[in-house]
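What follows is the content of target.tsv (TSV, C-alpha atoms and all ligand atoms).
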chain	number	residue	atom	x	y	z
A	16	MET	CA	18.75	-2.24	1.46
A	17	HIS	CA	17.58	-2.55	5.06
A	18	TYR	CA	15.22	-5.13	6.49
A	19	ARG	CA	12.69	-4.89	9.32
A	20	PRO	CA	10.63	-7.48	11.21
A	21	LEU	CA	7.05	-8.10	10.21
A	22	GLY	CA	5.45	-8.00	13.65
A	23	ALA	CA	6.18	-11.15	15.63
A	24	SER	CA	6.12	-13.41	12.55
A	25	GLY	CA	9.87	-13.97	12.41
A	26	ILE	CA	9.73	-12.77	8.79
A	27	ARG	CA	12.01	-9.90	7.80
A	28	VAL	CA	11.06	-7.66	4.90
A	29	SER	CA	12.97	-5.06	2.93
A	30	VAL	CA	11.99	-1.51	3.90
A	31	LEU	CA	10.93	-0.97	0.31
A	32	GLY	CA	8.60	-3.60	-1.07
A	33	PHE	CA	7.58	-4.29	-4.66
A	34	GLY	CA	3.93	-3.53	-5.46
A	35	ALA	CA	2.85	-5.95	-8.16
A	36	TRP	CA	-0.52	-4.37	-8.95
A	37	GLN	CA	1.26	-2.39	-11.68
A	38	ILE	CA	2.60	-5.45	-13.46
A	39	GLY	CA	-0.77	-7.07	-14.05
A	40	ASP	CA	-3.36	-4.39	-14.58
A	41	PRO	CA	-2.83	-2.30	-17.73
A	42	ARG	CA	-6.53	-1.36	-17.63
A	43	TYR	CA	-5.85	0.78	-14.55
A	44	TRP	CA	-2.23	1.74	-15.05
A	45	GLY	CA	-2.26	2.08	-18.83
A	46	ASP	CA	-0.12	0.27	-21.37
A	47	ASP	CA	3.36	1.60	-21.17
A	48	ALA	CA	6.29	0.70	-23.38
A	49	GLU	CA	8.66	0.94	-20.41
A	50	SER	CA	6.67	-1.58	-18.41
A	51	ASP	CA	8.29	-5.02	-18.29
A	52	ALA	CA	7.38	-7.36	-15.45
A	53	GLN	CA	10.49	-9.53	-15.74
A	54	ALA	CA	12.86	-6.56	-15.89
A	55	ALA	CA	11.05	-4.87	-12.99
A	56	VAL	CA	11.22	-7.96	-10.76
A	57	ASP	CA	14.88	-8.62	-11.65
A	58	THR	CA	15.79	-5.00	-10.91
A	59	ALA	CA	14.03	-5.18	-7.54
A	60	LEU	CA	15.74	-8.47	-6.58
A	61	ASP	CA	19.15	-7.11	-7.56
A	62	ALA	CA	18.49	-4.03	-5.41
A	63	GLY	CA	17.86	-6.26	-2.36
A	64	ILE	CA	14.06	-6.04	-2.34
A	65	ASN	CA	12.75	-9.30	-0.86
A	66	PHE	CA	9.12	-8.30	-0.29
A	67	PHE	CA	6.57	-8.65	-3.11
A	68	ASP	CA	2.94	-7.63	-2.66
A	69	THR	CA	0.04	-8.69	-4.85
A	70	ALA	CA	-3.68	-9.57	-4.53
A	71	GLU	CA	-6.17	-11.89	-6.15
A	72	VAL	CA	-8.11	-8.88	-7.48
A	73	TYR	CA	-5.22	-7.11	-9.23
A	74	GLY	CA	-5.98	-7.55	-12.91
A	75	ASP	CA	-8.31	-10.45	-11.93
A	76	GLY	CA	-5.34	-12.63	-11.03
A	77	ALA	CA	-2.99	-11.39	-13.78
A	78	SER	CA	-0.73	-9.67	-11.23
A	79	GLU	CA	-0.23	-12.89	-9.23
A	80	GLU	CA	0.48	-14.79	-12.44
A	81	ALA	CA	2.97	-12.23	-13.72
A	82	LEU	CA	4.71	-12.09	-10.35
A	83	GLY	CA	4.98	-15.87	-9.99
A	84	LYS	CA	6.35	-16.19	-13.50
A	85	ALA	CA	8.87	-13.39	-13.09
A	86	LEU	CA	10.14	-14.72	-9.73
A	87	GLY	CA	10.53	-18.22	-11.16
A	88	ALA	CA	13.26	-20.19	-9.42
A	89	ARG	CA	14.04	-17.28	-7.09
A	90	ARG	CA	10.75	-17.70	-5.22
A	91	GLU	CA	12.52	-19.18	-2.16
A	92	GLU	CA	14.56	-15.97	-1.75
A	93	VAL	CA	11.53	-13.76	-1.24
A	94	VAL	CA	8.54	-13.01	0.93
A	95	ILE	CA	5.32	-13.11	-1.10
A	96	ALA	CA	2.31	-11.25	0.26
A	97	SER	CA	-1.07	-11.70	-1.36
A	98	LYS	CA	-4.60	-10.70	-0.37
A	99	VAL	CA	-7.97	-12.35	-0.26
A	100	ALA	CA	-10.94	-10.19	-1.26
A	101	PRO	CA	-13.52	-9.50	1.48
A	102	GLU	CA	-16.23	-11.34	-0.49
A	103	HIS	CA	-14.10	-14.51	-0.32
A	104	CYS	CA	-13.71	-14.60	3.45
A	105	ALA	CA	-16.32	-17.27	4.24
A	106	PRO	CA	-14.35	-20.49	4.92
A	107	ASP	CA	-15.18	-22.44	1.73
A	108	LYS	CA	-14.56	-19.45	-0.50
A	109	LEU	CA	-11.41	-18.58	1.37
A	110	PHE	CA	-9.90	-22.07	0.94
A	111	ALA	CA	-10.73	-21.94	-2.78
A	112	ALA	CA	-9.36	-18.40	-3.17
A	113	CYS	CA	-6.10	-19.41	-1.48
A	114	GLU	CA	-5.72	-22.44	-3.77
A	115	GLU	CA	-6.28	-20.23	-6.81
A	116	SER	CA	-3.70	-17.69	-5.62
A	117	LEU	CA	-1.18	-20.49	-4.99
A	118	ARG	CA	-1.79	-21.84	-8.49
A	119	ARG	CA	-1.40	-18.46	-10.17
A	120	LEU	CA	1.72	-17.65	-8.16
A	121	GLY	CA	3.18	-21.07	-8.96
A	122	THR	CA	4.10	-21.76	-5.35
A	123	ASP	CA	2.90	-24.02	-2.54
A	124	TYR	CA	2.89	-21.36	0.18
A	125	ILE	CA	2.14	-17.65	0.57
A	126	ASP	CA	4.31	-15.96	3.20
A	127	LEU	CA	1.80	-13.29	4.21
A	128	TYR	CA	-1.89	-13.73	3.42
A	129	GLN	CA	-3.85	-10.55	4.02
A	130	VAL	CA	-7.54	-9.77	4.25
A	131	HIS	CA	-7.73	-7.02	1.63
A	132	TRP	CA	-10.59	-4.99	3.17
A	133	PRO	CA	-12.72	-5.47	6.30
A	134	PHE	CA	-16.03	-7.31	5.93
A	135	ARG	CA	-19.18	-7.82	8.02
A	136	ASP	CA	-20.18	-11.28	6.88
A	137	PRO	CA	-18.99	-13.91	7.84
A	138	SER	CA	-17.87	-13.17	11.39
A	139	PHE	CA	-14.20	-12.46	12.07
A	140	GLU	CA	-14.18	-15.68	14.16
A	141	GLU	CA	-15.13	-17.81	11.13
A	142	ALA	CA	-12.68	-16.13	8.77
A	143	TYR	CA	-9.85	-16.22	11.28
A	144	ALA	CA	-10.43	-19.94	11.98
A	145	ALA	CA	-10.15	-20.63	8.23
A	146	LEU	CA	-6.95	-18.59	7.93
A	147	ASP	CA	-5.53	-20.34	10.98
A	148	ARG	CA	-6.24	-23.70	9.35
A	149	LEU	CA	-4.40	-22.60	6.19
A	150	ARG	CA	-1.47	-21.62	8.39
A	151	HIS	CA	-1.47	-25.02	10.14
A	152	GLU	CA	-1.52	-26.71	6.75
A	153	GLY	CA	1.53	-24.69	5.71
A	154	LYS	CA	-0.28	-22.97	2.84
A	155	ILE	CA	0.32	-19.58	4.39
A	156	ARG	CA	3.01	-18.54	6.87
A	157	ALA	CA	1.45	-15.48	8.48
A	158	ILE	CA	-1.90	-13.71	8.63
A	159	GLY	CA	-2.24	-10.00	7.92
A	160	VAL	CA	-5.01	-7.48	7.40
A	161	SER	CA	-5.33	-4.43	5.20
A	162	ASN	CA	-7.39	-1.26	5.51
A	163	PHE	CA	-8.45	-2.17	9.05
A	164	GLY	CA	-9.32	0.89	11.15
A	165	ARG	CA	-9.39	1.23	14.91
A	166	GLN	CA	-12.66	-0.64	15.49
A	167	ASP	CA	-12.07	-3.47	13.02
A	168	LEU	CA	-8.49	-4.04	14.12
A	169	THR	CA	-9.58	-4.10	17.77
A	170	ASP	CA	-12.32	-6.63	16.95
A	171	TRP	CA	-9.94	-8.75	14.85
A	172	LEU	CA	-7.27	-8.84	17.55
A	173	ALA	CA	-9.88	-9.95	20.08
A	174	VAL	CA	-10.34	-13.06	17.91
A	175	GLY	CA	-6.83	-13.84	16.67
A	176	ASP	CA	-3.57	-12.40	15.48
A	177	ALA	CA	-2.46	-10.22	12.58
A	178	VAL	CA	1.21	-9.53	12.02
A	179	SER	CA	0.57	-6.54	9.79
A	180	ASN	CA	-1.97	-3.97	8.62
A	181	GLN	CA	-1.52	-2.60	5.10
A	182	LEU	CA	-2.64	1.02	4.94
A	183	GLY	CA	-2.67	3.96	2.53
A	184	TYR	CA	-0.03	6.24	3.98
A	185	ASN	CA	2.10	8.95	2.42
A	186	LEU	CA	3.14	12.57	2.82
A	187	VAL	CA	-0.14	13.93	1.49
A	188	PHE	CA	-2.32	11.34	3.23
A	189	ARG	CA	-1.54	11.03	6.92
A	190	ALA	CA	-4.99	10.07	8.28
A	191	VAL	CA	-3.71	6.77	9.70
A	192	GLU	CA	-1.51	8.69	12.13
A	193	TYR	CA	-4.49	9.80	14.26
A	194	ASP	CA	-5.30	6.46	15.85
A	195	ILE	CA	-4.67	3.46	13.57
A	196	VAL	CA	-0.86	3.52	13.57
A	197	PRO	CA	-0.73	4.03	17.37
A	198	LEU	CA	-3.05	1.03	17.81
A	199	CYS	CA	-0.87	-1.08	15.48
A	200	ARG	CA	2.24	-0.12	17.42
A	201	ARG	CA	0.70	-0.99	20.79
A	202	ASN	CA	-0.14	-4.46	19.43
A	203	ASP	CA	3.06	-5.17	17.50
A	204	VAL	CA	1.17	-5.09	14.21
A	205	ALA	CA	3.57	-3.97	11.49
A	206	VAL	CA	2.36	-1.13	9.30
A	207	ILE	CA	2.88	-1.77	5.59
A	208	ALA	CA	2.39	1.49	3.71
A	209	TYR	CA	0.76	1.42	0.32
A	210	MET	CA	0.62	4.31	-2.18
A	211	PRO	CA	3.84	5.75	-0.74
A	212	LEU	CA	4.12	8.08	-3.76
A	213	MET	CA	0.38	8.76	-3.99
A	214	GLN	CA	0.34	6.91	-7.34
A	215	GLY	CA	3.15	9.09	-8.69
A	216	LEU	CA	1.84	12.48	-7.51
A	217	LEU	CA	4.66	12.65	-4.99
A	218	SER	CA	7.24	12.52	-7.74
A	219	GLY	CA	6.14	16.02	-8.69
A	220	ARG	CA	5.57	14.99	-12.30
A	221	TRP	CA	2.19	16.71	-12.64
A	222	GLU	CA	2.03	20.48	-12.21
A	223	LYS	CA	-1.74	20.83	-12.56
A	224	VAL	CA	-4.66	18.71	-11.38
A	225	ASP	CA	-5.92	18.53	-14.97
A	226	ASP	CA	-2.68	16.77	-15.99
A	227	ILE	CA	-3.17	13.89	-13.50
A	228	PRO	CA	-4.66	10.76	-15.15
A	229	PRO	CA	-8.37	10.57	-14.16
A	230	ALA	CA	-8.02	7.19	-12.39
A	231	ARG	CA	-5.41	8.76	-10.10
A	232	ARG	CA	-7.49	11.78	-9.07
A	233	ARG	CA	-10.42	10.11	-7.38
A	234	THR	CA	-9.26	10.40	-3.77
A	235	ARG	CA	-10.63	12.77	-1.13
A	236	HIS	CA	-8.04	15.35	-2.14
A	237	PHE	CA	-9.97	16.00	-5.34
A	238	SER	CA	-13.28	17.69	-5.94
A	239	SER	CA	-16.32	15.42	-6.21
A	240	ARG	CA	-17.00	17.16	-9.53
A	241	ARG	CA	-14.15	15.14	-11.07
A	242	GLU	CA	-14.82	11.99	-13.08
A	243	GLY	CA	-15.24	8.81	-11.05
A	244	VAL	CA	-15.07	10.50	-7.64
A	245	ARG	CA	-17.40	8.89	-5.07
A	246	HIS	CA	-16.72	10.69	-1.80
A	247	GLY	CA	-19.14	13.60	-2.20
A	248	GLU	CA	-16.73	16.03	-0.51
A	249	ARG	CA	-15.39	19.36	-1.74
A	250	GLY	CA	-11.83	18.08	-1.77
A	251	CYS	CA	-8.81	20.28	-1.16
A	252	GLU	CA	-7.15	20.52	-4.57
A	253	ARG	CA	-5.65	23.94	-4.04
A	254	LEU	CA	-4.10	23.00	-0.70
A	255	LEU	CA	-2.83	19.75	-2.22
A	256	MET	CA	-1.08	21.50	-5.11
A	257	GLU	CA	0.33	24.20	-2.79
A	258	THR	CA	1.65	21.51	-0.45
A	259	LEU	CA	3.23	19.63	-3.36
A	260	GLY	CA	4.84	22.87	-4.53
A	261	GLU	CA	6.27	23.52	-1.09
A	262	LEU	CA	7.52	19.95	-0.82
A	263	ARG	CA	9.18	20.25	-4.22
A	264	ARG	CA	10.98	23.44	-3.16
A	265	PHE	CA	12.09	21.73	0.05
A	266	ALA	CA	13.40	18.69	-1.86
A	267	ASP	CA	15.26	20.97	-4.31
A	268	ALA	CA	16.83	22.83	-1.41
A	269	ILE	CA	18.28	19.64	0.06
A	270	GLY	CA	19.27	18.37	-3.38
A	271	LEU	CA	17.07	15.28	-3.58
A	272	PRO	CA	14.21	14.23	-5.86
A	273	LEU	CA	10.80	14.71	-4.25
A	274	ALA	CA	10.01	10.97	-4.57
A	275	THR	CA	13.16	10.13	-2.58
A	276	VAL	CA	12.22	12.63	0.14
A	277	ALA	CA	8.68	11.21	0.31
A	278	LEU	CA	9.99	7.66	0.76
A	279	CYS	CA	12.65	8.70	3.30
A	280	TRP	CA	10.00	10.49	5.34
A	281	LEU	CA	7.69	7.46	5.29
A	282	LEU	CA	10.42	5.03	6.32
A	283	ALA	CA	11.23	7.30	9.27
A	284	GLN	CA	7.67	7.09	10.62
A	285	PRO	CA	7.21	4.96	13.74
A	286	GLY	CA	5.60	1.59	13.15
A	287	VAL	CA	6.26	1.40	9.40
A	288	SER	CA	7.99	-1.87	8.46
A	289	SER	CA	7.90	-1.46	4.71
A	290	ALA	CA	6.62	0.91	2.05
A	291	ILE	CA	5.37	-0.83	-1.08
A	292	ILE	CA	6.37	1.05	-4.18
A	293	GLY	CA	4.32	0.65	-7.32
A	294	ALA	CA	6.88	-0.79	-9.65
A	295	ARG	CA	6.69	-1.56	-13.32
A	296	LYS	CA	9.63	0.45	-14.66
A	297	PRO	CA	13.21	-0.54	-13.79
A	298	ARG	CA	14.34	3.08	-14.09
A	299	GLN	CA	11.88	4.21	-11.41
A	300	ILE	CA	12.73	1.29	-9.14
A	301	LEU	CA	16.43	2.16	-9.29
A	302	ARG	CA	15.65	5.77	-8.51
A	303	ASN	CA	13.30	4.92	-5.65
A	304	VAL	CA	15.49	2.35	-3.88
A	305	ARG	CA	18.03	5.05	-3.11
A	306	ALA	CA	15.67	6.18	-0.36
A	307	ALA	CA	16.30	2.97	1.57
A	308	GLU	CA	19.92	3.95	2.13
A	309	LEU	CA	19.31	7.60	3.03
A	310	ASP	CA	18.60	9.24	6.36
A	311	ILE	CA	17.46	12.83	5.92
A	312	GLY	CA	17.60	13.49	9.68
A	313	PRO	CA	15.10	14.65	12.30
A	314	ALA	CA	15.24	18.36	11.38
A	315	ALA	CA	14.16	17.64	7.79
A	316	ILE	CA	11.45	15.25	9.01
A	317	ALA	CA	10.12	17.96	11.37
A	318	GLN	CA	10.03	20.52	8.55
A	319	ILE	CA	8.22	18.13	6.25
A	320	ASN	CA	5.69	17.39	9.00
A	321	GLU	CA	5.03	21.10	9.27
A	322	ILE	CA	4.59	21.54	5.50
A	323	THR	CA	2.05	18.72	5.34
A	324	ALA	CA	0.21	19.46	8.61
A	325	PRO	CA	-2.51	21.70	7.04
A	326	LEU	CA	-3.37	18.96	4.53
A	327	LYS	CA	-3.44	16.36	7.29
A	328	ARG	CA	-5.90	18.56	9.22
A	329	ALA	CA	-8.03	19.24	6.13
A	330	LEU	CA	-8.44	15.52	5.36
A	331	GLY	CA	-8.92	14.54	9.00
A	332	PRO	CA	-8.85	11.04	10.53
A	333	ASN	CA	-11.00	9.30	7.88
A	334	ALA	CA	-8.42	6.81	6.57
A	335	ASP	CA	-10.48	5.82	3.53
A	336	MET	CA	-8.87	7.70	0.67
A	337	TRP	CA	-11.83	7.29	-1.66
A	338	GLU	CA	-15.01	7.44	0.44
A	339	GLY	CA	-16.50	10.21	2.59
A	340	GLU	CA	-17.10	9.87	6.33
A	341	ASP	CA	-20.56	8.25	6.01
A	342	ASP	CA	-19.46	5.51	3.60
A	343	ALA	CA	-15.92	5.05	4.87
A	344	ARG	CA	-14.89	1.39	4.73
A	345	ILE	CA	-12.01	1.86	7.15
A	346	ARG	CA	-13.53	1.99	10.64
B	1	LIG	N1	-4.03	-2.80	0.31
B	1	LIG	C1	-4.60	-2.00	-0.56
B	1	LIG	O1	-5.82	-1.74	-0.51
B	1	LIG	C2	-3.76	-1.39	-1.66
B	1	LIG	C3	-4.24	-0.31	-2.41
B	1	LIG	C4	-3.41	0.23	-3.41
B	1	LIG	C5	-2.14	-0.30	-3.61
B	1	LIG	N2	-1.71	-1.37	-2.87
B	1	LIG	C6	-0.37	-1.97	-3.09
B	1	LIG	O2	0.58	-0.96	-3.05
B	1	LIG	C7	1.39	-1.02	-4.23
B	1	LIG	C8	1.89	0.35	-4.54
B	1	LIG	O3	0.81	1.31	-4.56
B	1	LIG	P1	0.77	2.41	-5.62
B	1	LIG	O4	0.64	1.68	-6.86
B	1	LIG	O5	-0.24	3.41	-5.43
B	1	LIG	O6	2.26	3.01	-5.44
B	1	LIG	P2	2.96	4.38	-5.54
B	1	LIG	O7	4.39	4.00	-5.32
B	1	LIG	O8	2.33	5.42	-4.70
B	1	LIG	O9	2.74	4.82	-7.07
B	1	LIG	C9	3.30	4.06	-8.10
B	1	LIG	C10	3.30	4.82	-9.42
B	1	LIG	O10	3.98	6.04	-9.24
B	1	LIG	C11	4.76	6.33	-10.40
B	1	LIG	N3	6.18	6.43	-9.97
B	1	LIG	C12	6.87	5.59	-9.18
B	1	LIG	N4	8.13	6.02	-9.01
B	1	LIG	C13	8.24	7.17	-9.71
B	1	LIG	C14	9.30	8.08	-9.92
B	1	LIG	N5	10.50	7.90	-9.36
B	1	LIG	N6	9.05	9.17	-10.68
B	1	LIG	C15	7.85	9.36	-11.24
B	1	LIG	N7	6.80	8.52	-11.09
B	1	LIG	C16	7.00	7.45	-10.32
B	1	LIG	C17	4.57	5.18	-11.38
B	1	LIG	O11	3.56	5.55	-12.31
B	1	LIG	P3	3.72	5.08	-13.85
B	1	LIG	O12	3.79	3.59	-13.79
B	1	LIG	O13	2.51	5.60	-14.53
B	1	LIG	O14	5.02	5.69	-14.33
B	1	LIG	C18	4.07	4.06	-10.48
B	1	LIG	O15	3.25	3.15	-11.14
B	1	LIG	C19	0.49	-1.66	-5.29
B	1	LIG	O16	1.22	-2.25	-6.34
B	1	LIG	C20	-0.21	-2.69	-4.44
B	1	LIG	O17	0.64	-3.82	-4.27
B	1	LIG	C21	-2.49	-1.88	-1.89

Written form, C-alpha cells:
Amino acid sequence: MHYRPLGASGIRVSVLGFGAWQIGDPRYWGDDAESDAQAAVDTALDAGINFFDTAEVYGDGASEEALGKALGARREEVVIASKVAPEHCAPDKLFAACEESLRRLGTDYIDLYQVHWPFRDPSFEEAYAALDRLRHEGKIRAIGVSNFGRQDLTDWLAVGDAVSNQLGYNLVFRAVEYDIVPLCRRNDVAVIAYMPLMQGLLSGRWEKVDDIPPARRRTRHFSSRREGVRHGERGCERLLMETLGELRRFADAIGLPLATVALCWLLAQPGVSSAIIGARKPRQILRNVRAAELDIGPAAIAQINEITAPLKRALGPNADMWEGEDDARIR
C-alpha cells in the first residue's frame, strides 16, 4: 500500500480508502450473503488501508455504527472521515450532528469531517466558524468538503480552509477534470475520489444496461426514461456500453482485470490523494487493493484517456452525476 498527504493537514492516507456506505445500507446495496462488515474491515486493515470513509446519512447512521464497531480497538491506527449533511450545517445542528457521529463511531475524535454537499443557508462563514470550533476542541482534526464545484470551493476558501474535496470521479465520469480538480490542485486541496468503479460498472460485470441494478443506473449516463432518473437528459447509454467494451478489451490485452485498470488510472491522475472503494466483500477488497501496487505506465494511461474522451465530452463539465445542468448541485 502507498500513502499520500491529505492537503496540508499532516494526515497521510492510503491511496485506496474503504468506503463504509456499503456496510450499513442494505436498502441501497441489497442484502448479500458475502457482505460482512467485520471481515471487510479486517481485510482492509491487513491490506494496509488506513483511510475509512463514512457519513451520518449512510443507512441513517448504521454505517458509522458498523464501522466503529468493526474497527474496535484498532481505531487509533486509522484515519476516520465522516460527513455532515448540508441540512445540519447551522452551528447548533452541526455541533449536535458531530456529537451523534462521535457516539455512533465510538470515538472521541473524527480525523476528517466533511461537508457532504454544498448548502446556501447558513452562510459558509457561520458553518466554517462552527467547524473551526470543533477543531479547536479536538473533536475533529481536519475540515474537508465534498461535491464542491468551482464557485462553491472558491467561496469556501475565501472564508476558511478545506484540506480535501470528495468528488465523483472515475474512468466513465471525468467531469471534475474540466475545472474542479485544477482548482483543488492550485489550492492544495486533496481530491478524494468516490465511485472509483462507478458502483461496480467498471468491473465489467454487467454486459447490458438492463442487467444493472436500477439504483445504480440513475446517473446522467442513463436515459431519463429509466426508473428513478431525475436529470431529464437523453443520457448516453450506447456510448457508455461501447466505452466499457473497449476498456474491457484494453484490460484483457494487458492482462489485468478492468477494475484494476480503472483504479490504476484514477490513482495516476494529478491531485488524487485517495480513491475510496465501496467495500463490503473481502474477496473484492483483496482483488482491488492490487491496484495500489501497480503502475500501468504513461502509454497505457494515454490510451485509456483516448478511449474515454468521447464519453467525457458527451457528459461535459457538469460534475453532478445525477442532476441535469439546471438543477446541478455541484457549482
Ligand atoms: N461524497 C459523496 O457524495 C459520496 C457519494 C457516493 C459514495 N461515496 C463514498 O464512496 C464510497 C465508494 O463509492 P461507491 O460505493 O460508489 O464505490 P465503487 O467502488 O465505485 O463501487 C462499489 C461497488 O462495486 C462493486 N465492486 C467493487 N469491487 C468489485 C470487483 N472487483 N468486481 C466486481 N464488482 C466490484 C461492489 O458491488 P456489490 O457490493 O454489489 O458486489 C461494490 O459495492 C462509498 O462507500 C462512500 O464512502 C461518497

Neighbouring residues of ligand LIG 1 (chain B) are defined here as those with any atom at most 6 Å from a ligand atom, counting all atoms listed in the file; list them as a list in words.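 For ligand LIG 1 (chain B), the residues inside 6 Å are Gly34, Ala35, Trp36, Gln37, Asp68, Thr69, His131, Ser161, Gln181, Tyr209, Met210, Pro211, Leu212, Met213, Gln214, Gly215, Ser218, Ala274, Ile291, Ile292, Gly293, Ala294, Arg295, Gln299, Arg302 and Asn303 of chain A.
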
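The coordinates place CA of Asp176 in chain A at 23.0 Å from CA of Gln284 in chain A.
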
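With all atoms listed in the file as the atoms that count, the minimum distance from Leu217 in chain A to the choices A:Ala343, A:Ile195, A:Leu278, A:Ala290 is reached by A:Leu278.
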
Distance in Å - CA of Val276 in chain A versus CA of Arg264 in chain A: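 For CA of Val276 in chain A relative to CA of Arg264 in chain A, the distance reads 11.4 Å.
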
Which one of A:Glu141, A:Glu222, A:Glu91, A:Glu102 sits closest to Tyr124 in chain A if you count all atoms listed in the file?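 For Tyr124 in chain A, the nearest of the candidates is A:Glu91.
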
For Met336 in chain A, which of A:Arg201, A:Arg241, A:Arg305, A:Arg189 is the closest residue, counting all atoms listed in the file?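 Distance minimum relative to Met336 in chain A lands on A:Arg189.
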
So which residues are close to (11.2, -12.5, -13.8), meaning at most 6 Å away in the file's coordinates with all atoms listed in the file counted, and can you show them as JSON, numbers by chain? {"A": [53, 56, 57, 85, 86]}

Model the absent atoms of range 229-249 of chain A so that N, CA and C atoms are present, and write the result as an mmCIF file, keeping the file's coordinate frame.
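Below you can see selection.cif, which holds the result:
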data_model
loop_
_atom_site.group_PDB
_atom_site.id
_atom_site.type_symbol
_atom_site.label_atom_id
_atom_site.label_comp_id
_atom_site.auth_asym_id
_atom_site.auth_seq_id
_atom_site.Cartn_x
_atom_site.Cartn_y
_atom_site.Cartn_z
ATOM 1 N N PRO A 229 -7.113 10.600 -14.913
ATOM 2 C CA PRO A 229 -8.370 10.570 -14.160
ATOM 3 C C PRO A 229 -8.435 9.473 -13.084
ATOM 4 N N ALA A 230 -7.938 8.273 -13.382
ATOM 5 C CA ALA A 230 -8.020 7.190 -12.390
ATOM 6 C C ALA A 230 -7.232 7.534 -11.126
ATOM 7 N N ARG A 231 -6.269 8.429 -11.245
ATOM 8 C CA ARG A 231 -5.410 8.760 -10.100
ATOM 9 C C ARG A 231 -5.847 10.043 -9.400
ATOM 10 N N ARG A 232 -7.011 10.589 -9.800
ATOM 11 C CA ARG A 232 -7.490 11.780 -9.070
ATOM 12 C C ARG A 232 -8.925 11.559 -8.614
ATOM 13 N N ARG A 233 -9.087 10.429 -7.905
ATOM 14 C CA ARG A 233 -10.420 10.110 -7.380
ATOM 15 C C ARG A 233 -10.445 10.125 -5.860
ATOM 16 N N THR A 234 -9.314 10.454 -5.242
ATOM 17 C CA THR A 234 -9.260 10.400 -3.770
ATOM 18 C C THR A 234 -9.888 11.648 -3.161
ATOM 19 N N ARG A 235 -9.950 11.672 -1.834
ATOM 20 C CA ARG A 235 -10.630 12.770 -1.130
ATOM 21 C C ARG A 235 -9.918 14.101 -1.282
ATOM 22 N N HIS A 236 -8.728 14.085 -1.864
ATOM 23 C CA HIS A 236 -8.040 15.350 -2.140
ATOM 24 C C HIS A 236 -8.768 16.138 -3.222
ATOM 25 N N PHE A 237 -9.437 15.387 -4.124
ATOM 26 C CA PHE A 237 -9.970 16.000 -5.340
ATOM 27 C C PHE A 237 -11.458 16.288 -5.225
ATOM 28 N N SER A 238 -11.887 17.264 -5.991
ATOM 29 C CA SER A 238 -13.280 17.690 -5.940
ATOM 30 C C SER A 238 -14.203 16.562 -6.422
ATOM 31 N N SER A 239 -15.372 16.471 -5.801
ATOM 32 C CA SER A 239 -16.320 15.420 -6.210
ATOM 33 C C SER A 239 -16.908 15.719 -7.591
ATOM 34 N N ARG A 240 -16.566 16.868 -8.153
ATOM 35 C CA ARG A 240 -17.000 17.160 -9.530
ATOM 36 C C ARG A 240 -16.177 16.382 -10.553
ATOM 37 N N ARG A 241 -15.033 15.856 -10.110
ATOM 38 C CA ARG A 241 -14.150 15.140 -11.070
ATOM 39 C C ARG A 241 -14.705 13.755 -11.382
ATOM 40 N N GLU A 242 -14.345 13.294 -12.577
ATOM 41 C CA GLU A 242 -14.820 11.990 -13.080
ATOM 42 C C GLU A 242 -14.472 10.841 -12.122
ATOM 43 N N GLY A 243 -15.478 10.028 -11.822
ATOM 44 C CA GLY A 243 -15.240 8.810 -11.050
ATOM 45 C C GLY A 243 -15.089 9.000 -9.557
ATOM 46 N N VAL A 244 -15.239 10.252 -9.085
ATOM 47 C CA VAL A 244 -15.070 10.500 -7.640
ATOM 48 C C VAL A 244 -16.350 10.128 -6.906
ATOM 49 N N ARG A 245 -16.207 9.383 -5.767
ATOM 50 C CA ARG A 245 -17.400 8.890 -5.070
ATOM 51 C C ARG A 245 -17.633 9.549 -3.724
ATOM 52 N N HIS A 246 -16.658 10.319 -3.215
ATOM 53 C CA HIS A 246 -16.720 10.690 -1.800
ATOM 54 C C HIS A 246 -17.701 11.810 -1.458
ATOM 55 N N GLY A 247 -18.155 12.548 -2.462
ATOM 56 C CA GLY A 247 -19.140 13.600 -2.200
ATOM 57 C C GLY A 247 -18.613 14.781 -1.396
ATOM 58 N N GLU A 248 -17.305 14.914 -1.270
ATOM 59 C CA GLU A 248 -16.730 16.030 -0.510
ATOM 60 C C GLU A 248 -16.208 17.105 -1.463
ATOM 61 N N ARG A 249 -15.889 18.267 -0.886
ATOM 62 C CA ARG A 249 -15.390 19.360 -1.740
ATOM 63 C C ARG A 249 -13.960 19.117 -2.213
#
